[in-house]
$ cat model-v3.pdb   # PDB, C-alpha atoms
ATOM      1  CA  MET A   1       8.107 -28.683   1.317
ATOM      2  CA  ASN A   2      11.220 -28.999   3.393
ATOM      3  CA  ASP A   3      11.624 -28.834   7.189
ATOM      4  CA  SER A   4      14.933 -26.981   6.781
ATOM      5  CA  CYS A   5      13.028 -23.848   5.776
ATOM      6  CA  ASN A   6      13.750 -21.646   8.751
ATOM      7  CA  VAL A   7      14.282 -18.090   7.446
ATOM      8  CA  GLN A   8      11.295 -15.788   7.076
ATOM      9  CA  VAL A   9      11.420 -14.128   3.704
ATOM     10  CA  ALA A  10       8.002 -12.531   3.243
ATOM     11  CA  GLU A  11       4.607 -11.793   4.702
ATOM     12  CA  PHE A  12       1.801 -11.167   2.232
ATOM     13  CA  ALA A  13      -1.928 -10.586   2.414
ATOM     14  CA  PHE A  14      -4.069 -13.574   1.542
ATOM     15  CA  PRO A  15      -5.065 -14.492  -1.155
ATOM     16  CA  PHE A  16      -3.256 -11.912  -3.251
ATOM     17  CA  PRO A  17      -0.318 -11.277  -3.505
ATOM     18  CA  ALA A  18       0.433 -14.384  -1.396
ATOM     19  CA  GLU A  19      -0.732 -16.751  -4.132
ATOM     20  CA  ILE A  20       1.361 -14.918  -6.726
ATOM     21  CA  PHE A  21       4.463 -15.229  -4.539
ATOM     22  CA  LYS A  22       3.724 -18.901  -3.886
ATOM     23  CA  THR A  23       3.441 -19.531  -7.632
ATOM     24  CA  GLU A  24       6.753 -17.758  -8.233
ATOM     25  CA  LEU A  25       8.477 -19.872  -5.578
ATOM     26  CA  ILE A  26       7.099 -23.068  -7.104
ATOM     27  CA  ASP A  27       8.159 -21.986 -10.607
ATOM     28  CA  LYS A  28      11.717 -21.301  -9.400
ATOM     29  CA  GLU A  29      11.727 -24.646  -7.534
ATOM     30  CA  ILE A  30      12.495 -23.025  -4.189
ATOM     31  CA  ASP A  31      11.574 -25.090  -1.131
ATOM     32  CA  PHE A  32       9.370 -23.133   1.243
ATOM     33  CA  ARG A  33       6.942 -23.388   4.117
ATOM     34  CA  GLU A  34       3.938 -21.181   4.583
ATOM     35  CA  PHE A  35       2.178 -20.244   7.770
ATOM     36  CA  HIS A  36      -1.318 -18.760   7.611
ATOM     37  CA  LYS A  37      -2.091 -16.035  10.112
ATOM     38  CA  ASP A  38      -5.670 -14.778  10.356
ATOM     39  CA  SER A  39      -7.034 -11.706  12.051
ATOM     40  CA  TYR A  40     -10.490 -12.364  13.409
ATOM     41  CA  GLU A  41     -11.158  -8.692  14.131
ATOM     42  CA  ASP A  42     -11.275  -7.514  10.542
ATOM     43  CA  GLY A  43     -11.416 -10.819   8.684
ATOM     44  CA  SER A  44      -8.120 -10.344   6.887
ATOM     45  CA  GLY A  45      -5.448 -12.974   6.560
ATOM     46  CA  PHE A  46      -1.729 -13.110   5.976
ATOM     47  CA  VAL A  47       0.685 -15.778   4.862
ATOM     48  CA  ILE A  48       4.228 -15.885   6.203
ATOM     49  CA  PHE A  49       6.749 -17.614   3.941
ATOM     50  CA  TYR A  50       9.881 -19.376   5.173
ATOM     51  CA  VAL A  51      12.743 -20.577   2.971
ATOM     52  CA  ALA A  52      16.087 -22.300   3.505
ATOM     53  CA  ASN A  53      19.206 -20.208   4.018
ATOM     54  CA  LYS A  54      20.612 -21.216   0.638
ATOM     55  CA  ASP A  55      17.492 -19.959  -1.194
ATOM     56  CA  PHE A  56      17.044 -16.737   0.757
ATOM     57  CA  ASP A  57      18.666 -14.355  -1.756
ATOM     58  CA  GLU A  58      16.681 -15.655  -4.711
ATOM     59  CA  ALA A  59      13.435 -15.685  -2.714
ATOM     60  CA  PHE A  60      14.089 -12.158  -1.483
ATOM     61  CA  LEU A  61      14.471 -10.918  -5.069
ATOM     62  CA  LEU A  62      11.178 -12.608  -5.955
ATOM     63  CA  LYS A  63       9.556 -10.945  -2.949
ATOM     64  CA  GLU A  64      10.779  -7.531  -4.102
ATOM     65  CA  GLU A  65       9.360  -8.120  -7.598
ATOM     66  CA  VAL A  66       5.976  -9.155  -6.214
ATOM     67  CA  ASP A  67       5.987  -6.129  -3.872
ATOM     68  CA  LYS A  68       6.636  -3.769  -6.782
ATOM     69  CA  GLU A  69       3.940  -5.357  -8.945
ATOM     70  CA  ASN A  70       1.476  -5.232  -6.063
ATOM     71  CA  ALA A  71       2.192  -1.557  -5.340
ATOM     72  CA  VAL A  72       1.751  -0.621  -8.984
ATOM     73  CA  SER A  73      -1.531  -2.505  -9.272
ATOM     74  CA  GLU A  74      -2.889  -0.999  -6.037
ATOM     75  CA  GLU A  75      -2.070   2.511  -7.215
ATOM     76  CA  LYS A  76      -3.524   1.787 -10.639
ATOM     77  CA  TYR A  77      -6.861   0.592  -9.303
ATOM     78  CA  LYS A  78      -7.412   3.159  -6.571
ATOM     79  CA  HIS A  79     -10.888   4.519  -6.703
ATOM     80  CA  PRO A  80     -10.820   7.648  -8.907
ATOM     81  CA  ILE A  81     -13.509   9.390  -6.838
ATOM     82  CA  GLU A  82     -10.983   9.865  -4.022
ATOM     83  CA  LYS A  83      -8.841  11.995  -6.299
ATOM     84  CA  TYR A  84     -11.790  14.178  -7.305
ATOM     85  CA  ILE A  85     -12.918  14.599  -3.711
ATOM     86  CA  ARG A  86      -9.419  15.745  -2.720
ATOM     87  CA  TRP A  87      -9.327  18.263  -5.561
ATOM     88  CA  PHE A  88     -12.813  19.536  -4.685
ATOM     89  CA  PHE A  89     -11.864  20.236  -1.077
ATOM     90  CA  LEU A  90      -8.568  21.803  -2.108
ATOM     91  CA  ILE A  91     -10.361  24.189  -4.472
ATOM     92  CA  CYS A  92     -12.956  24.987  -1.793
ATOM     93  CA  PHE A  93     -10.184  25.770   0.683
ATOM     94  CA  ILE A  94      -8.405  28.036  -1.814
ATOM     95  CA  CYS A  95     -11.683  29.856  -2.558
ATOM     96  CA  PHE A  96     -12.249  30.311   1.181
ATOM     97  CA  LEU A  97      -8.767  31.788   1.594
ATOM     98  CA  ILE A  98      -9.302  34.170  -1.318
ATOM     99  CA  TYR A  99     -12.656  35.227   0.142
ATOM    100  CA  LYS A 100     -11.067  35.881   3.547
ATOM    101  CA  LEU A 101      -8.232  37.886   1.978
ATOM    102  CA  ILE A 102     -10.663  40.019  -0.007
ATOM    103  CA  ASP A 103     -12.825  40.478   3.080
ATOM    104  CA  PHE A 104      -9.773  41.466   5.125
ATOM    105  CA  PHE A 105      -8.616  44.098   2.629
ATOM    106  CA  ILE A 106     -12.104  45.517   2.114
ATOM    107  CA  SER A 107     -12.762  45.769   5.849
ATOM    108  CA  ASP A 108      -9.266  47.200   6.387
ATOM    109  CA  ASN A 109      -9.861  49.871   3.748
ATOM    110  CA  MET A 110     -13.235  50.700   5.268
ATOM    111  CA  ILE A 111     -11.581  51.378   8.606
ATOM    112  CA  LEU A 112      -8.980  53.627   6.979
ATOM    113  CA  THR A 113     -11.562  55.673   5.072
ATOM    114  CA  LYS A 114     -13.672  56.434   8.146
TER     115      LYS A 114
END
$ encode --input "model-v3.pdb" --output "structure tokens"
Amino acid sequence: MNDSCNVQVAEFAFPFPAEIFKTELIDKEIDFREFHKDSYEDGSGFVIFYVANKDFDEAFLLKEEVDKENAVSEEKYKHPIEKYIRWFFLICFICFLIYKLIDFFISDNMILTK
């Protein structure tokens, strides 16, 4: 790891996707430094990666690839119950609106017939 690494290229959650990005940097033989940053309030951690100016473009492309893969995997493994709960409340809200519309027209017609 080189001391000339002075440009921040990425900040990832620890351990994943930070370890994936670290592996990619090692595979591409890009010199880097990493700085671990922990949050004691919620127990989460982050890793900030620094690279040399000459390797910034290549490291940035790797960062973008890891970001895309991470976003796809997060979306893929979202808990399916959240989707069903959202649909349930949407259907309940639509039923409530239909009920209120029917109630409005029935009560409106009752007033007109009296």
$ residues_around --input "model-v3.pdb" --residues "Leu62 in chain A" --least-positions-apart "4" --cutoff "10 Å" --atoms "all atoms listed in the file" --output "MDAnalysis selection string"
chainID A and resid 9:10 21:22 24:25 28 56:58 66:68
$ resolve_selection --input "model-v3.pdb" --expression "the PyMOL selection byres ((chain A and resi 12) around 7)" --output "PyMOL selection string"
chain A and resi 10-11+13-14+17-18+46-48
$ residues_near_point --input "model-v3.pdb" --point "(-2.1, -18.0, 8.9)" --cutoff "7 Å" --atoms "all atoms listed in the file" --output "list in words"
Phe35, His36, Lys37, Asp38, Gly45, Phe46 and Val47 of chain A
$ axis_aligned_box --input "model-v3.pdb" --around "range 55-59 of chain A" --padding-each-side "8 Å" --output "JSON"
{"center_x": 16.1, "center_y": -17.2, "center_z": -2.0, "size_x": 21.2, "size_y": 21.6, "size_z": 21.5}
$ atom_distance --input "model-v3.pdb" --atom1 "CA of Pro15 in chain A" --atom2 "CA of Lys83 in chain A"
27.2 Å
$ residues_around --input "model-v3.pdb" --residues "Val7 in chain A" --least-positions-apart "5" --cutoff "9 Å" --atoms "all atoms listed in the file" --output "list in words"
Phe49, Tyr50, Val51, Ala52, Asn53 and Phe56 of chain A
$ atom_distance --input "model-v3.pdb" --atom1 "CA of Ile91 in chain A" --atom2 "CA of His79 in chain A"
19.8 Å
$ residues_near_point --input "model-v3.pdb" --point "(10.5, -25.2, 1.6)" --cutoff "10 Å" --atoms "only C-alpha atoms" --output "MDAnalysis selection string"
chainID A and resid 1:7 25:26 29:34 49:52 55
$ write_last_selection --input "model-v3.pdb" --atoms "C-alpha atoms" --output "PDB file, in the frame of the given file"
ATOM      1  CA  MET A   1       8.107 -28.683   1.317  1.00  0.00           C
ATOM      2  CA  ASN A   2      11.220 -28.999   3.393  1.00  0.00           C
ATOM      3  CA  ASP A   3      11.624 -28.834   7.189  1.00  0.00           C
ATOM      4  CA  SER A   4      14.933 -26.981   6.781  1.00  0.00           C
ATOM      5  CA  CYS A   5      13.028 -23.848   5.776  1.00  0.00           C
ATOM      6  CA  ASN A   6      13.750 -21.646   8.751  1.00  0.00           C
ATOM      7  CA  VAL A   7      14.282 -18.090   7.446  1.00  0.00           C
ATOM      8  CA  LEU A  25       8.477 -19.872  -5.578  1.00  0.00           C
ATOM      9  CA  ILE A  26       7.099 -23.068  -7.104  1.00  0.00           C
ATOM     10  CA  GLU A  29      11.727 -24.646  -7.534  1.00  0.00           C
ATOM     11  CA  ILE A  30      12.495 -23.025  -4.189  1.00  0.00           C
ATOM     12  CA  ASP A  31      11.574 -25.090  -1.131  1.00  0.00           C
ATOM     13  CA  PHE A  32       9.370 -23.133   1.243  1.00  0.00           C
ATOM     14  CA  ARG A  33       6.942 -23.388   4.117  1.00  0.00           C
ATOM     15  CA  GLU A  34       3.938 -21.181   4.583  1.00  0.00           C
ATOM     16  CA  PHE A  49       6.749 -17.614   3.941  1.00  0.00           C
ATOM     17  CA  TYR A  50       9.881 -19.376   5.173  1.00  0.00           C
ATOM     18  CA  VAL A  51      12.743 -20.577   2.971  1.00  0.00           C
ATOM     19  CA  ALA A  52      16.087 -22.300   3.505  1.00  0.00           C
ATOM     20  CA  ASP A  55      17.492 -19.959  -1.194  1.00  0.00           C
TER      21      ASP A  55
END
$ atom_distance --input "model-v3.pdb" --atom1 "CA of Asp103 in chain A" --atom2 "CA of Ile85 in chain A"
26.8 Å
